[in-house]
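File shown: model20.cif (mmCIF, C-alpha atoms).
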data_work
loop_
_atom_site.label_atom_id
_atom_site.label_comp_id
_atom_site.auth_asym_id
_atom_site.auth_seq_id
_atom_site.Cartn_x
_atom_site.Cartn_y
_atom_site.Cartn_z
CA MET A 1 1.08 13.50 -4.50
CA THR A 2 2.62 10.85 -2.28
CA GLU A 3 3.08 7.21 -3.19
CA LEU A 4 3.51 4.50 -0.59
CA LEU A 5 4.67 1.01 -1.46
CA VAL A 6 3.35 -1.12 1.37
CA GLY A 7 4.60 -4.69 1.58
CA THR A 8 2.24 -6.91 3.53
CA ARG A 9 1.71 -10.52 4.44
CA LYS A 10 -0.85 -10.67 1.62
CA GLY A 11 0.67 -8.75 -1.20
CA LEU A 12 1.99 -5.36 -2.26
CA PHE A 13 -0.29 -2.36 -1.97
CA VAL A 14 0.40 0.88 -3.80
CA LEU A 15 -1.22 3.78 -1.96
CA GLU A 16 -1.49 7.21 -3.49
CA GLY A 17 -2.93 10.55 -2.50
CA GLU A 18 -2.38 13.89 -0.92
CA PRO A 19 -0.95 13.71 2.59
CA GLY A 20 -3.40 14.55 5.33
CA GLY A 21 -6.02 11.86 4.96
CA ALA A 22 -6.64 8.32 3.82
CA LEU A 23 -4.65 7.34 0.76
CA GLU A 24 -6.20 5.32 -2.04
CA VAL A 25 -5.16 1.79 -2.99
CA LYS A 26 -4.11 2.35 -6.61
CA ALA A 27 -2.69 -1.11 -7.24
CA ARG A 28 -2.18 -4.46 -5.60
CA ALA A 29 0.36 -7.03 -6.75
CA PHE A 30 1.37 -10.52 -5.59
CA ALA A 31 -2.06 -11.06 -4.04
CA GLY A 32 -1.84 -13.57 -1.22
CA GLU A 33 1.95 -13.66 -1.16
CA PRO A 34 4.19 -12.22 1.55
CA VAL A 35 5.88 -9.09 0.22
CA GLU A 36 8.64 -8.30 2.66
CA TYR A 37 9.94 -5.21 0.94
CA ALA A 38 9.25 -3.01 -2.04
CA MET A 39 10.92 0.17 -3.20
CA ARG A 40 10.89 2.48 -6.20
CA ASP A 41 14.35 3.27 -7.54
CA PRO A 42 14.31 7.08 -7.61
CA ARG A 43 16.70 7.14 -10.58
CA SER A 44 14.86 4.84 -12.96
CA GLY A 45 11.34 4.82 -11.54
CA ARG A 46 11.45 1.04 -11.52
CA VAL A 47 9.72 -0.76 -8.65
CA LEU A 48 11.44 -3.76 -7.06
CA ALA A 49 9.80 -6.16 -4.65
CA SER A 50 10.98 -8.98 -2.45
CA VAL A 51 8.42 -11.77 -2.34
CA THR A 52 8.85 -14.97 -0.37
CA SER A 53 6.34 -17.51 -1.54
CA ALA A 54 5.58 -20.08 1.12
CA PHE A 55 5.73 -22.63 -1.66
CA TYR A 56 8.33 -21.50 -4.17
CA GLY A 57 10.85 -19.58 -2.06
CA PRO A 58 12.23 -16.05 -2.10
CA LYS A 59 12.33 -14.08 -5.33
CA VAL A 60 12.99 -10.49 -6.38
CA TRP A 61 10.65 -9.03 -8.98
CA TYR A 62 10.70 -5.76 -10.88
CA ALA A 63 8.26 -3.68 -12.88
CA ASP A 64 8.13 -0.24 -14.40
CA ASP A 65 4.45 -0.07 -13.52
CA PRO A 66 3.45 -1.97 -10.35
CA SER A 67 -0.04 -2.55 -11.76
CA GLY A 68 1.45 -4.08 -14.90
CA GLU A 69 3.75 -6.98 -15.71
CA TRP A 70 6.38 -8.05 -13.17
CA LEU A 71 9.55 -9.86 -14.20
CA GLN A 72 11.61 -12.13 -11.97
CA ALA A 73 15.15 -10.90 -11.41
CA ASP A 74 17.97 -13.32 -12.17
CA GLY A 75 20.78 -14.30 -9.86
CA VAL A 76 19.19 -13.84 -6.45
CA VAL A 77 20.33 -17.28 -5.34
CA LEU A 78 23.11 -18.82 -3.32
CA PRO A 79 25.74 -21.05 -4.93
CA GLU A 80 24.21 -24.30 -6.08
CA GLY A 81 25.10 -27.46 -4.22
CA GLY A 82 26.01 -25.79 -0.94
CA GLU A 83 24.55 -26.30 2.50
CA LYS A 84 22.49 -23.10 2.58
CA ALA A 85 19.46 -21.84 0.73
CA LEU A 86 18.34 -18.24 0.46
CA GLU A 87 15.58 -17.67 3.01
CA ARG A 88 14.47 -14.13 2.33
CA ILE A 89 15.44 -10.74 0.93
CA TRP A 90 15.10 -8.08 3.63
CA ALA A 91 16.05 -4.88 1.85
CA ILE A 92 16.74 -3.41 -1.58
CA VAL A 93 18.70 -0.16 -1.69
CA ALA A 94 19.87 2.13 -4.49
CA GLY A 95 23.64 2.54 -4.78
CA GLU A 96 25.57 5.69 -5.50
CA ASP A 97 26.12 5.17 -9.21
CA HIS A 98 23.43 4.83 -11.83
CA GLY A 99 22.05 1.35 -12.16
CA THR A 100 23.60 -0.06 -9.01
CA LEU A 101 21.33 -1.65 -6.45
CA TYR A 102 22.05 -3.74 -3.39
CA ALA A 103 19.87 -6.40 -1.80
CA GLY A 104 20.41 -7.90 1.61
CA GLY A 105 19.01 -11.15 2.83
CA ASP A 106 19.05 -14.18 5.04
CA PRO A 107 21.47 -15.96 5.65
CA GLY A 108 23.51 -12.75 5.96
CA VAL A 109 24.04 -12.23 2.25
CA LEU A 110 24.52 -9.23 -0.03
CA PHE A 111 23.62 -9.16 -3.71
CA GLU A 112 24.64 -6.47 -6.20
CA SER A 113 22.99 -5.41 -9.44
CA ARG A 114 24.54 -3.15 -12.06
CA ASP A 115 21.57 -3.04 -14.40
CA GLY A 116 18.83 -1.59 -12.28
CA GLY A 117 17.77 -4.84 -10.68
CA ALA A 118 17.28 -7.21 -13.63
CA THR A 119 20.33 -9.34 -12.80
CA TRP A 120 22.18 -9.80 -9.53
CA ALA A 121 25.38 -11.35 -8.24
CA LEU A 122 26.29 -12.52 -4.78
CA ASN A 123 29.00 -10.54 -2.97
CA ARG A 124 31.45 -13.41 -2.56
CA THR A 125 33.81 -11.84 -0.05
CA LEU A 126 31.05 -11.41 2.52
CA TRP A 127 29.67 -14.83 1.67
CA GLU A 128 33.09 -16.42 2.11
CA HIS A 129 34.19 -14.31 5.06
CA PRO A 130 36.33 -16.47 7.35
CA THR A 131 34.27 -15.55 10.41
CA ARG A 132 31.00 -16.72 8.85
CA PRO A 133 30.94 -20.12 10.59
CA SER A 134 30.60 -18.28 13.91
CA TRP A 135 27.74 -16.01 12.80
CA GLN A 136 24.60 -16.39 14.87
CA PRO A 137 21.08 -15.53 13.66
CA GLY A 138 18.66 -13.34 15.57
CA ALA A 139 15.03 -14.26 16.16
CA GLY A 140 14.22 -13.17 12.61
CA GLY A 141 17.03 -15.18 11.07
CA LEU A 142 20.53 -14.26 9.96
CA CYS A 143 19.32 -11.17 8.23
CA LEU A 144 21.23 -8.51 6.36
CA HIS A 145 18.63 -5.79 6.65
CA SER A 146 20.49 -2.48 6.44
CA ILE A 147 22.60 -1.38 3.47
CA VAL A 148 23.97 2.13 3.81
CA PRO A 149 25.93 3.67 0.94
CA TRP A 150 28.11 6.74 1.54
CA SER A 151 26.80 9.80 -0.27
CA GLY A 152 29.11 10.58 -3.16
CA ASP A 153 31.53 7.70 -2.55
CA LEU A 154 30.98 4.51 -4.52
CA ASP A 155 33.36 2.43 -2.45
CA ARG A 156 32.19 3.03 1.10
CA ILE A 157 29.21 1.02 2.30
CA ALA A 158 28.04 -0.02 5.74
CA LEU A 159 25.90 -3.06 6.45
CA GLY A 160 23.78 -4.00 9.44
CA LEU A 161 23.26 -7.67 10.19
CA SER A 162 21.30 -9.38 12.88
CA ALA A 163 23.04 -10.67 14.85
CA VAL A 164 26.52 -10.07 13.42
CA GLY A 165 26.90 -6.33 13.91
CA VAL A 166 28.09 -3.62 11.55
CA TRP A 167 30.27 -4.36 8.54
CA LEU A 168 32.22 -1.74 6.64
CA THR A 169 33.90 -1.66 3.26
CA GLU A 170 36.04 1.07 1.69
CA ASP A 171 36.70 -0.79 -1.53
CA GLY A 172 33.25 -1.36 -2.94
CA GLY A 173 32.73 -4.67 -1.21
CA ALA A 174 36.03 -6.33 -2.07
CA THR A 175 36.87 -6.56 1.64
CA TRP A 176 34.81 -6.23 4.81
CA ARG A 177 35.61 -5.50 8.43
CA HIS A 178 33.69 -4.95 11.62
CA GLY A 179 32.66 -1.55 13.03
CA ASN A 180 31.32 -2.41 16.44
CA GLU A 181 33.32 -0.57 19.07
CA GLY A 182 31.07 0.77 21.80
CA LEU A 183 28.10 -1.52 21.20
CA VAL A 184 26.96 -3.26 24.39
CA PRO A 185 25.03 -6.52 23.93
CA ARG A 186 23.07 -6.38 27.17
CA TYR A 187 21.39 -9.67 26.26
CA LEU A 188 24.70 -11.49 26.86
CA PRO A 189 26.26 -12.19 30.25
CA ASP A 190 28.78 -9.54 31.34
CA ASP A 191 31.73 -11.83 30.87
CA ALA A 192 30.61 -12.86 27.37
CA ARG A 193 30.28 -9.36 25.92
CA GLU A 194 33.89 -8.43 25.26
CA GLY A 195 34.75 -9.22 21.67
CA SER A 196 31.48 -10.99 20.98
CA MET A 197 30.30 -11.06 17.37
CA THR A 198 26.71 -11.72 18.44
CA LEU A 199 25.66 -8.12 17.95
CA CYS A 200 22.01 -7.67 17.13
CA VAL A 201 21.79 -4.54 15.03
CA HIS A 202 18.16 -3.75 14.23
CA ASN A 203 18.54 -0.78 11.92
CA LEU A 204 21.31 1.37 10.52
CA GLN A 205 21.01 4.80 8.88
CA ARG A 206 23.44 7.44 7.59
CA ALA A 207 22.99 11.22 7.51
CA PRO A 208 23.47 12.10 3.82
CA GLN A 209 24.75 15.64 4.45
CA ARG A 210 27.34 14.34 6.90
CA PRO A 211 28.01 10.75 5.90
CA GLU A 212 30.36 9.99 8.78
CA ARG A 213 27.34 10.50 11.06
CA MET A 214 25.30 7.34 11.49
CA PHE A 215 22.48 6.26 13.76
CA MET A 216 21.58 2.75 14.88
CA GLN A 217 18.69 1.03 16.59
CA PHE A 218 20.19 -1.89 18.46
CA HIS A 219 18.60 -4.79 20.30
CA GLY A 220 18.48 -2.68 23.45
CA GLY A 221 20.15 0.65 22.78
CA VAL A 222 20.05 3.50 20.30
CA TYR A 223 23.49 4.57 19.12
CA ARG A 224 25.24 7.28 17.13
CA SER A 225 28.55 7.14 15.30
CA ASP A 226 30.47 10.22 14.20
CA ASP A 227 33.26 8.33 12.50
CA GLY A 228 31.54 6.36 9.79
CA GLY A 229 30.59 3.42 11.95
CA GLU A 230 33.95 2.73 13.59
CA THR A 231 32.77 3.57 17.12
CA TRP A 232 29.35 4.00 18.69
CA THR A 233 27.89 6.05 21.56
CA ASP A 234 24.64 5.15 23.30
CA ILE A 235 22.06 7.92 22.89
CA GLY A 236 19.01 6.02 24.16
CA ALA A 237 18.56 7.98 27.39
CA GLY A 238 15.25 9.81 27.38
CA LEU A 239 13.34 7.23 25.39
CA PRO A 240 10.56 5.21 27.09
CA SER A 241 12.35 2.11 25.80
CA ASP A 242 15.53 1.76 23.80
CA PHE A 243 14.23 -1.39 22.13
CA GLY A 244 12.70 -1.16 18.67
CA PHE A 245 13.34 -1.71 15.00
CA PRO A 246 12.51 1.13 12.59
CA MET A 247 14.49 4.32 12.22
CA VAL A 248 14.30 7.30 9.86
CA LEU A 249 16.50 10.38 9.45
CA ASP A 250 15.67 13.79 8.05
CA PRO A 251 18.17 14.11 5.19
CA ALA A 252 18.25 17.88 5.67
CA ASP A 253 19.41 17.61 9.28
CA PRO A 254 22.36 15.40 10.25
CA ASP A 255 21.41 15.81 13.93
CA SER A 256 17.98 14.24 13.39
CA ALA A 257 16.62 10.77 13.95
CA PHE A 258 13.17 9.28 14.45
CA VAL A 259 12.53 5.98 16.23
CA ILE A 260 9.43 4.07 17.30
CA PRO A 261 10.18 2.40 20.63
CA LEU A 262 8.62 -0.91 21.56
CA THR A 263 8.28 -1.95 25.18
CA ALA A 264 10.98 -4.65 25.27
CA ASP A 265 12.28 -7.66 23.39
CA VAL A 266 9.85 -9.82 25.34
CA ASP A 267 6.92 -7.45 24.67
CA ARG A 268 7.20 -5.99 21.20
CA VAL A 269 4.34 -3.48 21.29
CA THR A 270 4.13 0.27 21.71
CA PRO A 271 4.70 1.19 25.39
CA ASP A 272 1.78 2.01 27.69
CA GLY A 273 -0.80 1.46 24.95
CA ARG A 274 0.31 4.67 23.23
CA VAL A 275 1.70 5.03 19.72
CA ARG A 276 4.47 7.59 19.67
CA VAL A 277 7.33 8.40 17.36
CA TYR A 278 10.35 9.89 19.11
CA GLU A 279 12.42 12.58 17.47
CA THR A 280 15.83 13.98 18.22
CA ARG A 281 17.19 17.15 16.61
CA ASP A 282 20.34 17.29 18.70
CA ALA A 283 21.99 14.02 17.68
CA GLY A 284 20.44 12.09 20.53
CA ALA A 285 21.05 14.45 23.45
CA SER A 286 17.29 14.68 23.90
CA TRP A 287 14.17 13.03 22.53
CA THR A 288 10.67 14.43 22.01
CA ALA A 289 7.51 12.33 21.71
CA ARG A 290 5.45 12.92 18.58
CA GLY A 291 2.01 11.41 18.93
CA ASP A 292 -0.53 14.06 17.99
CA GLY A 293 -3.10 12.22 15.89
CA LEU A 294 -1.79 8.74 16.71
CA PRO A 295 -3.73 6.30 18.94
CA GLN A 296 -2.99 7.22 22.53
CA ARG A 297 -5.13 4.73 24.42
CA ASP A 298 -5.29 0.93 24.40
CA ALA A 299 -3.07 0.83 21.33
CA TYR A 300 -0.54 -2.00 21.40
CA LEU A 301 0.95 -1.90 17.94
CA THR A 302 3.96 -3.65 16.50
CA ILE A 303 5.92 -1.73 13.87
CA LEU A 304 8.41 -3.90 12.04
CA ARG A 305 11.93 -2.99 10.98
CA GLN A 306 11.21 -1.88 7.41
CA ALA A 307 7.78 -0.38 8.07
CA PHE A 308 8.86 3.25 8.59
CA ASP A 309 10.01 5.67 5.90
CA ARG A 310 10.01 9.28 4.81
CA ALA A 311 9.55 11.44 1.76
CA GLY A 312 10.95 14.92 1.36
CA ALA A 313 13.21 16.68 3.81
CA GLY A 314 13.38 19.58 6.20
CA SER A 315 10.13 21.51 6.53
CA ALA A 316 8.65 19.29 3.78
CA LEU A 317 9.51 16.05 5.58
CA GLU A 318 6.75 13.45 5.43
CA LEU A 319 6.84 10.37 7.66
CA TYR A 320 4.93 7.11 7.23
CA PHE A 321 4.80 3.87 9.20
CA GLY A 322 2.65 0.75 9.19
CA SER A 323 1.72 -1.75 11.87
CA THR A 324 1.19 -5.48 11.92
CA SER A 325 -2.45 -4.68 12.68
CA GLY A 326 -2.76 -3.30 9.15
CA ALA A 327 -2.81 0.43 9.76
CA VAL A 328 -0.61 3.00 8.07
CA PHE A 329 -0.04 6.40 9.67
CA GLY A 330 1.46 9.49 8.10
CA SER A 331 2.69 12.94 8.94
CA SER A 332 3.15 15.77 6.46
CA ASP A 333 4.75 18.14 8.97
CA ALA A 334 7.84 16.24 10.08
CA GLY A 335 6.02 14.38 12.83
CA ALA A 336 4.27 17.30 14.52
CA SER A 337 0.85 15.84 13.67
CA TRP A 338 -0.32 12.55 12.22
CA PHE A 339 -3.15 11.18 10.11
CA THR A 340 -4.37 7.69 9.27
CA ALA A 341 -3.38 6.80 5.72
CA ALA A 342 -4.88 3.28 5.71
CA SER A 343 -6.71 1.28 8.34
CA HIS A 344 -7.43 -2.21 7.17
CA LEU A 345 -4.50 -3.63 5.26
CA PRO A 346 -2.98 -7.05 5.99
CA PRO A 347 -0.08 -7.07 8.47
CA VAL A 348 2.41 -4.48 7.22
CA TYR A 349 5.97 -5.67 6.64
CA SER A 350 7.42 -2.61 4.90
CA VAL A 351 6.60 0.93 3.91
CA ARG A 352 8.54 2.93 1.36
CA ALA A 353 7.48 6.44 0.37
CA THR A 354 8.05 8.66 -2.62
CA GLY A 355 6.71 12.15 -2.78
CA MET B 1 11.44 -40.49 -20.31
CA ALA B 2 9.45 -39.73 -17.18
CA LEU B 3 6.38 -37.57 -17.54
CA VAL B 4 6.38 -34.52 -15.24
CA THR B 5 3.03 -32.86 -14.66
CA LEU B 6 2.90 -29.28 -13.45
CA CYS B 7 0.08 -27.00 -12.46
CA GLY B 8 -0.54 -23.44 -11.31
CA PRO B 9 2.41 -21.03 -11.51
CA LEU B 10 4.84 -23.86 -12.27
CA LYS B 11 2.91 -24.68 -15.43
CA THR B 12 2.98 -21.01 -16.42
CA ARG B 13 6.72 -20.78 -15.88
CA ALA B 14 7.27 -23.93 -17.93
CA GLY B 15 5.83 -22.33 -21.04
CA GLY B 16 2.19 -23.03 -20.26
CA ALA B 17 2.34 -26.78 -20.78
CA SER B 18 1.27 -29.20 -18.06
CA ASP B 19 3.16 -32.25 -19.24
CA HIS B 20 6.89 -32.49 -19.83
CA ALA B 21 8.88 -35.57 -20.82
CA VAL B 22 12.24 -35.45 -19.03
CA ASP B 23 15.13 -37.90 -18.65
CA GLY B 24 16.63 -38.72 -15.29
CA ALA B 25 17.39 -41.53 -12.85
CA THR B 26 16.07 -39.74 -9.74
CA VAL B 27 13.48 -37.10 -8.97
CA ARG B 28 16.30 -34.58 -8.54
CA ASP B 29 17.77 -35.47 -11.94
CA VAL B 30 14.41 -35.13 -13.60
CA LEU B 31 13.66 -31.79 -11.95
CA ARG B 32 17.10 -30.47 -12.90
CA GLY B 33 16.40 -31.60 -16.44
CA LEU B 34 13.11 -29.73 -16.33
CA GLU B 35 15.00 -26.60 -15.18
CA ASP B 36 17.45 -26.99 -18.05
CA ALA B 37 14.58 -27.12 -20.53
CA HIS B 38 12.68 -24.32 -18.81
CA PRO B 39 15.10 -22.04 -16.91
CA ALA B 40 12.21 -19.99 -15.54
CA VAL B 41 11.38 -22.97 -13.30
CA GLY B 42 14.83 -22.80 -11.71
CA GLY B 43 14.61 -22.25 -7.97
CA TRP B 44 10.88 -22.81 -7.82
CA ILE B 45 10.81 -26.53 -7.01
CA LEU B 46 14.37 -27.31 -5.93
CA ASP B 47 16.34 -24.87 -3.80
CA GLU B 48 20.07 -24.17 -4.10
CA ARG B 49 20.88 -27.27 -2.09
CA GLY B 50 19.01 -29.46 -4.52
CA LEU B 51 16.22 -30.09 -2.01
CA ILE B 52 12.54 -29.99 -2.83
CA ARG B 53 11.07 -26.87 -1.26
CA ARG B 54 9.31 -27.56 2.01
CA HIS B 55 5.82 -26.76 0.81
CA VAL B 56 6.05 -28.43 -2.57
CA ASN B 57 4.98 -32.04 -2.85
CA VAL B 58 6.29 -34.43 -5.45
CA PHE B 59 4.49 -37.68 -6.19
CA VAL B 60 5.95 -40.55 -8.22
CA ASN B 61 3.20 -42.71 -9.64
CA GLY B 62 0.89 -41.43 -6.91
CA GLU B 63 3.28 -42.01 -3.99
CA TYR B 64 5.11 -39.30 -2.07
CA GLY B 65 8.61 -38.96 -3.48
CA SER B 66 11.83 -37.32 -2.35
CA GLU B 67 14.78 -35.91 -4.25
CA ASP B 68 16.46 -39.30 -4.30
CA THR B 69 13.47 -41.40 -5.33
CA ALA B 70 14.40 -43.54 -8.31
CA VAL B 71 12.58 -42.78 -11.54
CA GLY B 72 12.03 -45.03 -14.51
CA PRO B 73 11.25 -44.09 -18.09
CA ASP B 74 7.55 -44.87 -17.75
CA ASP B 75 7.02 -43.13 -14.43
CA ARG B 76 4.72 -40.19 -13.83
CA ILE B 77 5.83 -37.32 -11.56
CA ASP B 78 3.24 -34.88 -10.25
CA VAL B 79 4.49 -31.65 -8.72
CA LEU B 80 1.93 -29.98 -6.48
CA GLN B 81 1.71 -27.08 -4.10
CA ALA B 82 1.31 -28.51 -0.58
CA ILE B 83 -1.88 -27.78 1.34
CA SER B 84 0.17 -26.32 4.22
CA GLY B 85 -2.89 -25.41 6.20
CA GLY B 86 -4.68 -26.47 9.30
#

Encoding of this model in structure tokens:
Amino acid sequence: MTELLVGTRKGLFVLEGEPGGALEVKARAFAGEPVEYAMRDPRSGRVLASVTSAFYGPKVWYADDPSGEWLQADGVVLPEGGEKALERIWAIVAGEDHGTLYAGGDPGVLFESRDGGATWALNRTLWEHPTRPSWQPGAGGLCLHSIVPWSGDLDRIALGLSAVGVWLTEDGGATWRHGNEGLVPRYLPDDAREGSMTLCVHNLQRAPQRPERMFMQFHGGVYRSDDGGETWTDIGAGLPSDFGFPMVLDPADPDSAFVIPLTADVDRVTPDGRVRVYETRDAGASWTARGDGLPQRDAYLTILRQAFDRAGAGSALELYFGSTSGAVFGSSDAGASWFTAASHLPPVYSVRATG
Amino acid sequence: MALVTLCGPLKTRAGGASDHAVDGATVRDVLRGLEDAHPAVGGWILDERGLIRRHVNVFVNGEYGSEDTAVGPDDRIDVLQAISGG
């Protein structure tokens, strides 16, 4: 049985079923509200959701049963009386020790919870980082969207921010530094690239079996790091476009990555009217299109940053992604073939799978 | 005390009551006082900057009000979800 938590413009949908065909909507929560992200903490079973009411602002909610009562988490706010307000929570990620969760949001902020998501505190060193006045937002805001713990090490975390690059800590978030060497911001003039902090990271992932190995979808470029995010090598050659947002790894294979290219930053749809996931199994040396069962004609889909996820690993790897046109597609054979899991949901913001 | 009237989810978060008598010299003061009495309302009307959220409307005696609108002890403050449509 697979469960998908699908955040949409009009609420959270919980889909369940056996992979291979349409999944059933087992629950819907926050009807009418934008749910940017929802995840089930694999350790506690608790479901957490980021909801940004157009009226009442961004909130994080949690529930043990998504069809039951939801409680609002405390502390997901910026310091009172300042010049900034929290705009949105982009991601919620389980930490390495029991009970720890991280949440990233706009304007480039990290929150930490030590009690499974009931209460949160702002990471002050990132909030008060001396370079913050020079941070520039991307088109989606100043979003901290990727939070990447280091398997087995509580203190090492990498962050991806748009458009402020990669940030690394080795002391559990007490201090932060950049990890951007090798990234090329092609959207800047040649003579403005050197040393620029305007680095539009779109997605950041770490290979759990080899945590120094990381993959990144950039705003024009797909990159790999073999040194924990210190330096980056472009591996986008062979893709129909190196622009896109979502990215998934097979946890059983540190040489693997899956991306869903979009045509370009000025045309954010699947290239050539064909929906294809691209897979590498050689750390980016080559890419293979995986589209069997996906729309291959007149299909101009947009797949957002958080709308691609996996369950399982290795030969049991399942992949799922959703589009802003309200479809969710799945694969139960590591991308070799695909099925339609849902067809008529509201615009999909996020997909998170448990299986 | 001013009389604050809530509806919808704000009423629910304020213990289920529509009407709340709250002290304060400005709309912001009154809304902060409401948050003190009902912490679950915190962050729902005013954001961290102390500004009324963009799609929440506050009326003082039937007139649009802002955070700094002066409030007297006999005034009525209605807090409503904006239409925000087209």

List every protein, DNA or RNA residue with an atom no more than 10 Å from (22.8, 16.1, 12.6) in the file's coordinates, counting all atoms listed in the file, and format the result as a ChimeraX atom specification. /A:207-210,213-215,226,249-257,280-284

With a cut-off of 10 Å and counting only C-alpha atoms, select all residues of chain A in contact with chain B and give the selection as a list in words. Ser53, Ala54, Phe55, Tyr56, Gly57, Pro58, Lys59, Gln72, Asp74, Val76, Val77, Leu78, Pro79, Glu80, Gly81, Gly82, Glu83, Lys84, Ala85, Leu86 and Glu87 of chain A

In Å to one decimal, how far is CA of Gly7 in chain A from CA of Thr288 in chain A?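 Value for the CA of Thr288 in chain A-CA of Gly7 in chain A distance: 28.6 Å.
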
Quick one: everything within 6 Å of Leu199 in chain A, counting only C-alpha atoms, minus sequence neighbours fewer than 3 positions away in the same chain. Send it as a PyMOL selection string. chain A and resi 163-165

Evaluated on this file, the PyMOL selection byres ((chain A and resi 326-334) around 8) picks out some residues - which ones are they, written as a ChimeraX atom specification? /A:19-20,294,314-325,335-348
